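File shown here: protein-v2.cif, holding mmCIF, C-alpha atoms.
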```
data_final
loop_
_atom_site.label_atom_id
_atom_site.label_comp_id
_atom_site.auth_asym_id
_atom_site.auth_seq_id
_atom_site.Cartn_x
_atom_site.Cartn_y
_atom_site.Cartn_z
CA MET A 6 328.15 159.79 344.02
CA ASN A 7 330.72 162.52 344.44
CA ILE A 8 333.85 162.12 342.35
CA ASN A 9 336.69 164.53 342.89
CA GLU A 10 339.69 165.18 340.67
CA ASP A 11 341.98 162.94 342.75
CA TYR A 12 340.20 159.90 341.32
CA ASN A 13 341.09 160.65 337.72
CA ASP A 14 344.36 158.93 336.93
CA TYR A 15 344.29 156.30 339.64
CA PHE A 16 340.98 155.11 338.24
CA LYS A 17 342.77 154.14 335.03
CA LEU A 18 345.16 151.93 336.93
CA ASP A 19 342.48 149.83 338.61
CA ILE A 20 339.66 149.81 336.07
CA ASP A 21 340.67 146.33 334.93
CA THR A 22 339.37 145.12 338.31
CA VAL A 23 335.87 145.88 337.07
CA PHE A 24 336.48 144.21 333.71
CA ARG A 25 337.52 141.03 335.46
CA LYS A 26 334.68 141.07 337.98
CA ILE A 27 332.06 141.09 335.24
CA ASP A 28 333.98 138.53 333.16
CA PHE A 29 334.09 141.06 330.34
CA ALA A 30 336.81 139.41 328.26
CA ARG A 31 335.00 136.07 327.99
CA LYS A 32 331.63 137.65 327.24
CA TYR A 33 332.96 139.97 324.56
CA ALA A 34 335.01 137.17 322.99
CA GLY A 35 331.82 135.09 322.93
CA LEU A 36 329.97 137.85 321.12
CA VAL A 37 332.67 138.09 318.46
CA SER A 38 332.82 134.30 318.15
CA ASP A 39 329.04 133.88 317.80
CA PHE A 40 328.87 136.42 314.96
CA ASN A 41 331.98 135.78 312.90
CA LYS A 42 330.62 134.27 309.70
CA TRP A 43 329.97 136.42 306.66
CA ASP A 44 327.95 135.13 303.71
CA GLY A 45 329.81 137.35 301.25
CA VAL A 46 327.08 139.96 300.75
CA GLU A 47 327.75 143.36 302.30
CA ILE A 48 324.81 144.79 304.21
CA ALA A 49 324.74 148.58 304.23
CA MET A 50 322.70 149.54 307.29
CA PRO A 51 321.42 153.14 307.00
CA SER A 52 321.92 155.20 310.15
CA PRO A 53 318.15 155.85 310.60
CA ASN A 54 317.58 152.09 310.72
CA ILE A 55 320.20 151.69 313.43
CA ILE A 56 318.81 154.61 315.41
CA LYS A 57 315.34 153.03 315.23
CA MET A 58 316.74 149.63 316.23
CA CYS A 59 318.46 151.15 319.27
CA LYS A 60 315.27 152.96 320.27
CA GLU A 61 313.41 149.65 320.21
CA LEU A 62 316.05 148.34 322.60
CA GLY A 63 315.51 151.32 324.91
CA TYR A 64 318.43 153.53 323.85
CA GLU A 65 318.36 156.96 322.27
CA VAL A 66 321.43 157.33 320.08
CA LYS A 67 322.76 160.09 317.89
CA TYR A 68 324.88 159.62 314.80
CA THR A 69 327.92 161.81 314.19
CA LYS A 70 328.57 161.65 310.48
CA GLU A 71 332.08 163.13 310.48
CA LYS A 72 333.25 160.59 313.07
CA GLY A 73 331.03 157.75 311.91
CA TYR A 74 329.94 156.91 315.45
CA PHE A 75 326.64 156.30 317.19
CA ASN A 76 326.56 157.56 320.76
CA THR A 77 324.16 157.48 323.66
CA SER A 78 324.02 160.53 325.93
CA SER A 79 324.73 160.58 329.64
CA VAL A 80 324.95 163.08 332.49
CA GLY A 81 326.28 162.93 336.02
CA ASP A 82 329.61 162.64 337.83
CA LEU A 83 330.46 159.55 335.82
CA VAL A 84 329.56 160.09 332.18
CA CYS A 85 328.85 156.74 330.53
CA ILE A 86 328.41 156.64 326.77
CA ALA A 87 327.80 153.64 324.56
CA ALA A 88 329.84 154.32 321.42
CA PHE A 89 329.94 152.17 318.31
CA SER A 90 330.26 152.35 314.56
CA CYS A 91 328.67 150.29 311.82
CA LYS A 92 330.59 149.50 308.68
CA ALA A 93 329.77 147.09 305.89
CA SER A 94 328.21 144.08 307.63
CA CYS A 95 329.97 144.56 310.97
CA PHE A 96 329.91 146.60 314.18
CA GLU A 97 332.92 148.11 315.94
CA LEU A 98 331.85 148.29 319.57
CA GLY A 99 333.17 150.28 322.50
CA SER A 100 332.29 152.66 325.30
CA ASN A 101 333.32 156.08 326.48
CA PHE A 102 333.56 156.74 330.22
CA LYS A 103 334.49 160.14 331.62
CA LEU A 104 334.57 161.80 334.97
CA ALA A 105 332.64 164.99 335.58
CA ASN A 106 335.67 167.09 334.62
CA LYS A 107 335.64 165.37 331.19
CA ARG A 108 338.85 163.43 331.59
CA ILE A 109 338.55 160.28 329.51
CA LEU A 110 338.77 156.99 331.36
CA LEU A 111 337.85 154.64 328.55
CA ALA A 112 337.90 155.94 325.04
CA ALA A 113 335.54 154.58 322.42
CA ALA A 114 336.06 151.42 320.42
CA PRO A 115 337.54 148.93 320.75
CA TRP A 116 337.36 149.38 324.53
CA GLY A 117 340.25 151.83 324.66
CA ILE A 118 343.47 150.72 326.33
CA TYR A 119 341.63 147.86 328.03
CA ASN A 120 341.46 145.78 324.89
CA ARG A 121 344.69 144.29 326.28
CA LEU A 122 342.40 142.21 328.53
CA LEU A 123 340.82 140.55 325.51
CA SER A 124 342.09 137.49 323.73
CA SER A 125 344.05 138.11 320.53
CA GLU A 126 341.10 136.84 318.50
CA ALA A 127 338.66 139.22 320.19
CA ARG A 128 341.05 142.17 319.77
CA LYS A 129 341.28 141.58 316.04
CA GLY A 130 337.63 140.75 315.36
CA ASN A 131 334.32 142.56 315.20
CA PRO A 132 330.86 140.94 315.28
CA ILE A 133 329.50 140.44 311.75
CA PHE A 134 325.85 140.48 310.67
CA ASN A 135 324.22 139.18 307.49
CA ASN A 136 320.76 140.66 308.09
CA GLU A 137 318.90 143.08 310.35
CA ILE A 138 317.85 140.33 312.75
CA GLN A 139 321.48 139.46 313.45
CA ALA A 140 322.37 143.16 313.73
CA LYS A 141 319.72 143.61 316.40
CA GLU A 142 320.92 140.53 318.27
CA ILE A 143 324.46 141.93 318.30
CA LEU A 144 323.28 145.29 319.61
CA THR A 145 321.13 143.59 322.26
CA ARG A 146 324.13 141.72 323.65
CA TYR A 147 326.37 144.77 323.28
CA PHE A 148 324.04 146.99 325.32
CA ALA A 149 323.72 144.28 327.99
CA LEU A 150 327.50 144.14 328.28
CA TYR A 151 327.68 147.94 328.31
CA GLU A 152 325.18 148.08 331.19
CA GLU A 153 327.20 145.52 333.16
CA LEU A 154 330.35 147.54 332.66
CA LYS A 155 328.66 150.83 333.51
CA ASN A 156 327.06 149.50 336.69
CA GLY A 157 330.29 147.78 337.64
CA LEU A 158 332.21 151.03 337.34
CA ILE A 159 329.63 152.97 339.34
CA ASN A 160 329.57 150.35 342.10
CA TYR A 161 333.34 150.11 342.18
CA ILE A 162 334.07 153.80 342.61
CA GLU A 163 331.55 153.85 345.46
CA SER A 164 333.08 150.79 347.13
CA ASP A 165 335.32 150.74 350.21
CA GLU A 166 337.86 148.77 348.16
CA PHE A 167 338.30 151.58 345.66
CA LYS A 168 338.36 154.29 348.31
CA ASP A 169 340.92 152.32 350.28
CA ASN A 170 343.08 151.89 347.19
CA LEU A 171 342.73 155.57 346.44
CA ASN A 172 343.91 156.51 349.91
CA LYS A 173 347.01 154.40 349.34
CA SER A 174 347.71 155.70 345.87
CA ASN A 175 349.55 158.89 346.83
CA LEU A 176 352.80 157.14 346.04
CA VAL A 177 355.33 159.80 346.98
CA THR A 178 353.13 161.57 349.51
CA ASP A 179 352.73 165.32 349.13
CA LYS A 180 356.50 165.83 349.17
CA SER A 181 358.39 165.54 345.91
CA PHE A 182 362.10 164.82 345.83
CA ASN A 183 362.69 168.31 344.49
CA GLU A 184 361.37 169.73 347.76
CA ILE A 185 364.03 167.89 349.78
CA SER A 186 366.95 168.25 347.36
CA ASN A 187 368.89 170.44 349.77
CA LYS A 188 368.56 168.02 352.68
CA GLY A 189 371.09 165.48 353.90
CA ALA A 190 371.52 161.78 353.18
CA ASP A 191 369.33 160.75 356.13
CA VAL A 192 366.37 162.77 354.85
CA LEU A 193 366.87 161.51 351.29
CA GLN A 194 367.01 157.94 352.53
CA ALA A 195 363.90 158.35 354.69
CA ASN A 196 361.97 159.84 351.80
CA SER A 197 363.15 157.16 349.39
CA ILE A 198 362.14 154.40 351.79
CA GLU A 199 358.74 156.00 352.32
CA SER A 200 358.19 156.32 348.60
CA ALA A 201 359.30 152.72 347.98
CA GLU A 202 357.03 151.39 350.72
CA MET A 203 354.03 153.28 349.31
CA PHE A 204 354.82 151.73 345.92
CA VAL A 205 354.59 148.33 347.60
CA ILE A 206 351.32 149.20 349.33
CA SER A 207 349.80 150.37 346.08
CA PHE A 208 350.74 147.37 343.93
CA ASN A 209 351.59 144.43 346.15
CA LYS A 210 348.08 142.98 346.43
CA LYS A 211 347.61 143.04 342.69
CA TYR A 212 350.93 141.26 342.12
CA ASN A 213 350.48 138.53 344.75
CA ASN A 214 352.66 140.17 347.43
CA LYS A 215 355.83 139.66 345.41
CA LEU A 216 357.14 143.21 345.96
CA ASP A 217 359.29 142.27 348.96
CA PHE A 218 362.50 144.24 348.25
CA SER A 219 364.30 141.08 347.14
CA THR A 220 366.34 140.97 343.95
CA GLU A 221 363.81 138.44 342.67
CA SER A 222 361.13 141.13 342.94
CA LEU A 223 362.86 143.06 340.15
CA GLN A 224 360.94 140.75 337.82
CA THR A 225 357.69 141.90 339.45
CA LEU A 226 358.77 145.52 339.17
CA GLU A 227 359.39 144.88 335.48
CA LEU A 228 355.86 143.47 335.15
CA VAL A 229 354.34 146.50 336.89
CA LEU A 230 356.19 148.87 334.56
CA SER A 231 355.26 146.83 331.49
CA GLU A 232 351.56 146.97 332.30
CA MET A 233 351.71 150.66 333.21
CA ALA A 234 353.47 151.37 329.90
CA ASP A 235 350.28 150.33 328.08
CA PHE A 236 348.63 153.55 329.19
CA ALA A 237 351.53 155.81 330.16
CA SER A 238 350.74 158.11 327.24
CA GLU A 239 347.32 158.79 328.77
CA MET A 240 348.66 159.70 332.22
CA SER A 241 348.90 163.28 333.30
CA GLU A 242 352.50 164.46 333.56
CA SER A 243 352.24 164.91 337.33
CA LEU A 244 350.99 161.36 337.83
CA LYS A 245 353.71 159.95 335.59
CA VAL A 246 356.37 161.75 337.65
CA LYS A 247 354.93 160.26 340.85
CA TYR A 248 355.05 156.74 339.49
CA ILE A 249 358.56 157.23 338.16
CA GLU A 250 359.74 158.50 341.55
CA ALA A 251 358.02 155.65 343.39
CA ALA A 252 359.24 152.87 341.11
CA ALA A 253 362.76 154.33 341.07
CA SER A 254 362.74 154.48 344.86
CA TYR A 255 361.72 150.84 345.05
CA PHE A 256 364.52 149.87 342.69
CA LEU A 257 367.15 151.87 344.59
CA GLU A 258 365.99 150.43 347.91
CA ILE A 259 366.45 146.90 346.59
CA VAL A 260 370.02 147.76 345.62
CA ARG A 261 370.75 149.54 348.93
CA ARG A 262 369.43 146.65 351.01
CA VAL A 263 371.45 144.11 349.02
CA LYS A 264 374.67 146.02 348.29
CA GLY A 265 374.70 148.94 350.72
CA GLY A 266 375.42 152.50 349.60
CA TYR A 267 374.10 155.87 350.67
CA TYR A 268 371.91 158.55 349.11
CA ILE A 269 373.02 161.96 347.90
CA TRP A 270 371.31 164.55 345.77
CA ASN A 271 372.92 164.79 342.33
CA THR A 272 372.52 168.37 341.14
CA GLU A 273 373.50 167.50 337.59
CA LEU A 274 370.75 164.89 337.24
CA ASN A 275 368.41 166.72 339.62
CA GLN A 276 367.51 163.52 341.50
CA PRO A 277 368.72 161.33 344.35
CA VAL A 278 371.31 158.69 343.50
CA LEU A 279 372.77 155.78 345.43
CA VAL A 280 376.54 156.11 345.95
CA PHE A 281 379.03 153.28 346.48
CA GLY A 282 382.65 153.71 347.44
CA GLY A 283 384.47 156.41 349.35
CA PRO A 284 385.92 159.90 348.86
CA ASP A 285 388.75 158.66 346.61
CA PHE A 286 386.59 156.59 344.27
CA ASN A 287 382.89 156.05 343.93
CA ILE A 288 380.11 155.16 341.52
CA SER A 289 376.63 156.67 341.59
CA LEU A 290 373.50 154.75 340.61
CA PRO A 291 370.55 156.79 339.28
CA ALA A 292 367.18 155.23 338.46
CA PHE A 293 364.65 157.89 337.50
CA GLU A 294 365.58 158.10 333.81
CA LYS A 295 365.74 154.32 333.48
CA ILE A 296 362.25 153.92 334.92
CA LYS A 297 360.97 156.70 332.67
CA GLN A 298 362.41 154.92 329.64
CA ARG A 299 360.67 151.67 330.60
CA LEU A 300 357.34 153.46 330.94
CA GLU A 301 357.64 155.20 327.60
CA ASN A 302 359.35 152.52 325.54
CA LYS A 303 358.94 148.79 326.18
CA LYS A 304 361.94 148.08 323.96
CA SER A 305 364.31 149.98 326.23
CA GLU A 306 366.67 148.13 328.59
CA LYS A 307 364.91 146.02 331.20
CA ILE A 308 365.36 146.91 334.85
CA VAL A 309 366.81 143.47 335.64
CA ASP A 310 369.44 143.91 332.92
CA TYR A 311 370.26 147.39 334.20
CA TYR A 312 370.76 145.95 337.69
CA ASN A 313 373.01 143.15 336.43
CA ARG A 314 375.13 145.60 334.41
CA PHE A 315 375.57 147.68 337.53
CA LEU A 316 376.71 144.70 339.58
CA ALA A 317 379.37 143.99 336.98
CA GLU A 318 380.45 147.65 336.84
CA ILE A 319 380.72 148.21 340.58
CA ASN A 320 383.64 145.78 340.76
CA LYS A 321 385.58 147.62 338.07
CA ILE A 322 385.74 151.04 339.74
CA LYS A 323 389.34 152.16 340.30
CA SER A 324 390.98 154.49 342.75
CA GLY A 325 390.62 158.13 341.70
CA GLU A 326 387.51 157.52 339.64
CA SER A 327 384.09 159.01 340.27
CA ASN A 328 381.47 157.82 337.80
CA ILE A 329 377.75 158.02 337.28
CA PHE A 330 376.46 154.68 336.04
CA MET A 331 374.10 155.00 333.10
#
```
Final structure tokens representation of the file:
Amino acid sequence: MNINEDYNDYFKLDIDTVFRKIDFARKYAGLVSDFNKWDGVEIAMPSPNIIKMCKELGYEVKYTKEKGYFNTSSVGDLVCIAAFSCKASCFELGSNFKLANKRILLAAAPWGIYNRLLSSEARKGNPIFNNEIQAKEILTRYFALYEELKNGLINYIESDEFKDNLNKSNLVTDKSFNEISNKGADVLQANSIESAEMFVISFNKKYNNKLDFSTESLQTLELVLSEMADFASEMSESLKVKYIEAAASYFLEIVRRVKGGYYIWNTELNQPVLVFGGPDFNISLPAFEKIKQRLENKKSEKIVDYYNRFLAEINKIKSGESNIFM
């Protein structure tokens, strides 16, 4: 298996495919549900006992006292580490998956950003033990689930499906909008269309082919941004810029295809905008900052609301006015 750096951030976007294929959410929720009764007596499990228990199950683990975590060791292009802690009478379970360059894909307990796939009960709960026999049963099921997840990840990144998705994930191609800022409207439009279409290619299958440039698909765009916002803080800055450009292009193309308009480069905003009107009066519609806000803050204005506000504003523009809609 040869993993290059291009896999890093895209892997985060599609890792939930593996979680669903192995039915992770149901199995983990079952583990929490089967061990959720406490008899009222705290069991303090010494770390040497847990290390011995893991060894009996076939796993060498080390205990990091300052972090309070037990970890397995792993080498290779995909570093897979079982990571868990043991507090009074309960385990907090998770895993740590990294690429060879040490970028974190899934960070420790409770299953990193992918705990969003779990039920609310499973997200809040941890398996509880009342004796060493139960503790060993919990660890046995935990390691089995860990192995399923590990093997699923390895198989997935070697699959044609993942490689095909990866090939389609260069959302804005190698050209950024900054590189074409001094070009004309035709070039800006061509690049925006290309970027919007690659956004569709990258996400349409996952969202049931609902990204069709219709105004109704703004709801799907909103869903894409909402899910991406769950891990936007973990994206590299360059990847975040690509997704912002692509999603903004898709939004602007919806508006252009429905209401018309033409692209220009706005030097003040340093981005393409869609312009409506003529030389005597016009209104410019930007999108990059709005998309960025939705990625970084779920409480910010929704894209659908932004679109509806614009529709209302475009009819109010008066002769002699030239506004940037915000």
Selection dump of the PyMOL selection byres ((chain A and resi 308) around 9), as a list of chain:residue names: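 This file, filtered by the PyMOL selection byres ((chain A and resi 308) around 9), leaves A:Leu223, A:Gln224, A:Leu226, A:Glu227, A:Phe256, A:Lys295, A:Ile296, A:Arg299, A:Glu306, A:Lys307, A:Val309, A:Asp310, A:Tyr311, A:Tyr312, A:Asn313.
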Prev. selection, C-alpha atoms, output as an mmCIF file, keeping the file's coordinate frame:
```cif
data_model
loop_
_atom_site.group_PDB
_atom_site.id
_atom_site.type_symbol
_atom_site.label_atom_id
_atom_site.label_comp_id
_atom_site.auth_asym_id
_atom_site.auth_seq_id
_atom_site.Cartn_x
_atom_site.Cartn_y
_atom_site.Cartn_z
ATOM 1 C CA LEU A 223 362.860 143.060 340.150
ATOM 2 C CA GLN A 224 360.940 140.750 337.820
ATOM 3 C CA LEU A 226 358.770 145.520 339.170
ATOM 4 C CA GLU A 227 359.390 144.880 335.480
ATOM 5 C CA PHE A 256 364.520 149.870 342.690
ATOM 6 C CA LYS A 295 365.740 154.320 333.480
ATOM 7 C CA ILE A 296 362.250 153.920 334.920
ATOM 8 C CA ARG A 299 360.670 151.670 330.600
ATOM 9 C CA GLU A 306 366.670 148.130 328.590
ATOM 10 C CA LYS A 307 364.910 146.020 331.200
ATOM 11 C CA VAL A 309 366.810 143.470 335.640
ATOM 12 C CA ASP A 310 369.440 143.910 332.920
ATOM 13 C CA TYR A 311 370.260 147.390 334.200
ATOM 14 C CA TYR A 312 370.760 145.950 337.690
ATOM 15 C CA ASN A 313 373.010 143.150 336.430
#
```
Given the PyMOL selection byres ((chain A and resi 225) around 12), the residues it picks as a PyMOL selection string: chain A and resi 205+208-224+226-232+252+255-256+307-309
Closest of A:Glu199, A:Glu273, A:Glu294, A:Glu242 to Glu258 of chain A - atom-to-atom distances counting only C-alpha atoms: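 Going through A:Glu199, A:Glu273, A:Glu294, A:Glu242 one by one, the smallest distance to Glu258 of chain A is for A:Glu199.
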Expected residue set, 12 Å radius at (370.5, 159.7, 340.1), only C-alpha atoms, as a tab-separated table (two decimals) with C-alpha atoms, in the coordinates of the input:
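The resulting file, part10.tsv, is shown below:
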```tsv
chain	number	residue	atom	x	y	z
A	182	PHE	CA	362.10	164.82	345.83
A	186	SER	CA	366.95	168.25	347.36
A	193	LEU	CA	366.87	161.51	351.29
A	250	GLU	CA	359.74	158.50	341.55
A	253	ALA	CA	362.76	154.33	341.07
A	254	SER	CA	362.74	154.48	344.86
A	256	PHE	CA	364.52	149.87	342.69
A	257	LEU	CA	367.15	151.87	344.59
A	267	TYR	CA	374.10	155.87	350.67
A	268	TYR	CA	371.91	158.55	349.11
A	269	ILE	CA	373.02	161.96	347.90
A	270	TRP	CA	371.31	164.55	345.77
A	271	ASN	CA	372.92	164.79	342.33
A	272	THR	CA	372.52	168.37	341.14
A	273	GLU	CA	373.50	167.50	337.59
A	274	LEU	CA	370.75	164.89	337.24
A	275	ASN	CA	368.41	166.72	339.62
A	276	GLN	CA	367.51	163.52	341.50
A	277	PRO	CA	368.72	161.33	344.35
A	278	VAL	CA	371.31	158.69	343.50
A	279	LEU	CA	372.77	155.78	345.43
A	280	VAL	CA	376.54	156.11	345.95
A	288	ILE	CA	380.11	155.16	341.52
A	289	SER	CA	376.63	156.67	341.59
A	290	LEU	CA	373.50	154.75	340.61
A	291	PRO	CA	370.55	156.79	339.28
A	292	ALA	CA	367.18	155.23	338.46
A	293	PHE	CA	364.65	157.89	337.50
A	294	GLU	CA	365.58	158.10	333.81
A	295	LYS	CA	365.74	154.32	333.48
A	296	ILE	CA	362.25	153.92	334.92
A	328	ASN	CA	381.47	157.82	337.80
A	329	ILE	CA	377.75	158.02	337.28
A	330	PHE	CA	376.46	154.68	336.04
A	331	MET	CA	374.10	155.00	333.10
```
Nearest to Phe24 of chain A, chosen from A:Lys92, A:Lys155, A:Lys42, A:Lys72, with only C-alpha atoms counted in the distances: A:Lys155
All residues 10 Å or closer to Lys141 of chain A, only C-alpha atoms, same chain fewer than 6 positions away omitted, as JSON, numbers by chain: {"A": [55, 58, 59, 61, 62, 134, 147]}
Could you take the residues named above and write them with C-alpha atoms, as a PDB file, keeping the file's coordinate frame?
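Contents of the output file part-v2.pdb:
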```pdb
ATOM      1  CA  ILE A  55     320.200 151.690 313.430  1.00  0.00           C
ATOM      2  CA  MET A  58     316.740 149.630 316.230  1.00  0.00           C
ATOM      3  CA  CYS A  59     318.460 151.150 319.270  1.00  0.00           C
ATOM      4  CA  GLU A  61     313.410 149.650 320.210  1.00  0.00           C
ATOM      5  CA  LEU A  62     316.050 148.340 322.600  1.00  0.00           C
ATOM      6  CA  PHE A 134     325.850 140.480 310.670  1.00  0.00           C
ATOM      7  CA  TYR A 147     326.370 144.770 323.280  1.00  0.00           C
TER       8      TYR A 147
END
```
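The environment of Ala234 of chain A within 12 Å, counting all atoms listed in the file and disregarding residues fewer than 4 places along the same chain, consists of Leu18, Ile118, Arg121, Glu227, Leu228, Val229, Leu230, Ser238, Glu239, Met240, Lys245, Tyr248, Ile249, Ile296, Lys297, Gln298, Arg299, Leu300, Glu301, Asn302, Lys303, Lys304 and Ser305 of chain A.
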Expected selection from the PyMOL selection byres ((chain A and resi 50) around 10), given as a list in words: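 Selected by the PyMOL selection byres ((chain A and resi 50) around 10) here: Glu47, Ile48, Ala49, Pro51, Ser52, Pro53, Asn54, Ile55, Cys91, Lys92, Ala93, Ser94, Cys95, Asn136, Glu137 and Ala140 of chain A.
Here atom CA of Lys26 of chain A is placed at a distance of 25.2 Å from atom CA of Asn76 of chain A.
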Atomic distance atom CA of Pro132 of chain A - atom CA of Tyr68 of chain A, expressed in Å with one decimal: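 Between these atoms lies a distance of 19.6 Å.
The closest residue to Ser164 of chain A, picked from A:Met203, A:Val263, A:Val23, A:Leu150 and counting all atoms listed in the file, is A:Val23.
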Among listed residues A:Asn320, A:Ser207, A:Gln194, A:Asn131, nearest Gly35 of chain A (using all atoms listed in the file):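 Checking each candidate against Gly35 of chain A, we get A:Asn131 as the closest.
With all atoms listed in the file as the basis for measurement, A:Ile319 is the residue among A:Ala87, A:Ala251, A:Ile319, A:Val66 that approaches Gly266 of chain A most closely.
Put simply, atom CA of Thr69 of chain A is 25.9 Å away from atom CA of Leu158 of chain A.
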Among the residues A:Gly73, A:Lys321, A:Trp43, A:Arg262, the one that comes closest to Gly282 of chain A [using all atoms listed in the file]: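 Ranked by minimum distance to Gly282 of chain A, first place goes to A:Lys321.
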Long-range neighbours of Ala149 of chain A as a list in words, 12 Å cut-off, only C-alpha atoms, 4 positions minimum in chain: Ile27, Phe29, Lys32, Tyr33, Leu36, Leu62, Gly63, Tyr64, Ala87, Glu142, Ile143, Leu144, Thr145, Glu153, Leu154, Lys155 and Asn156 of chain A
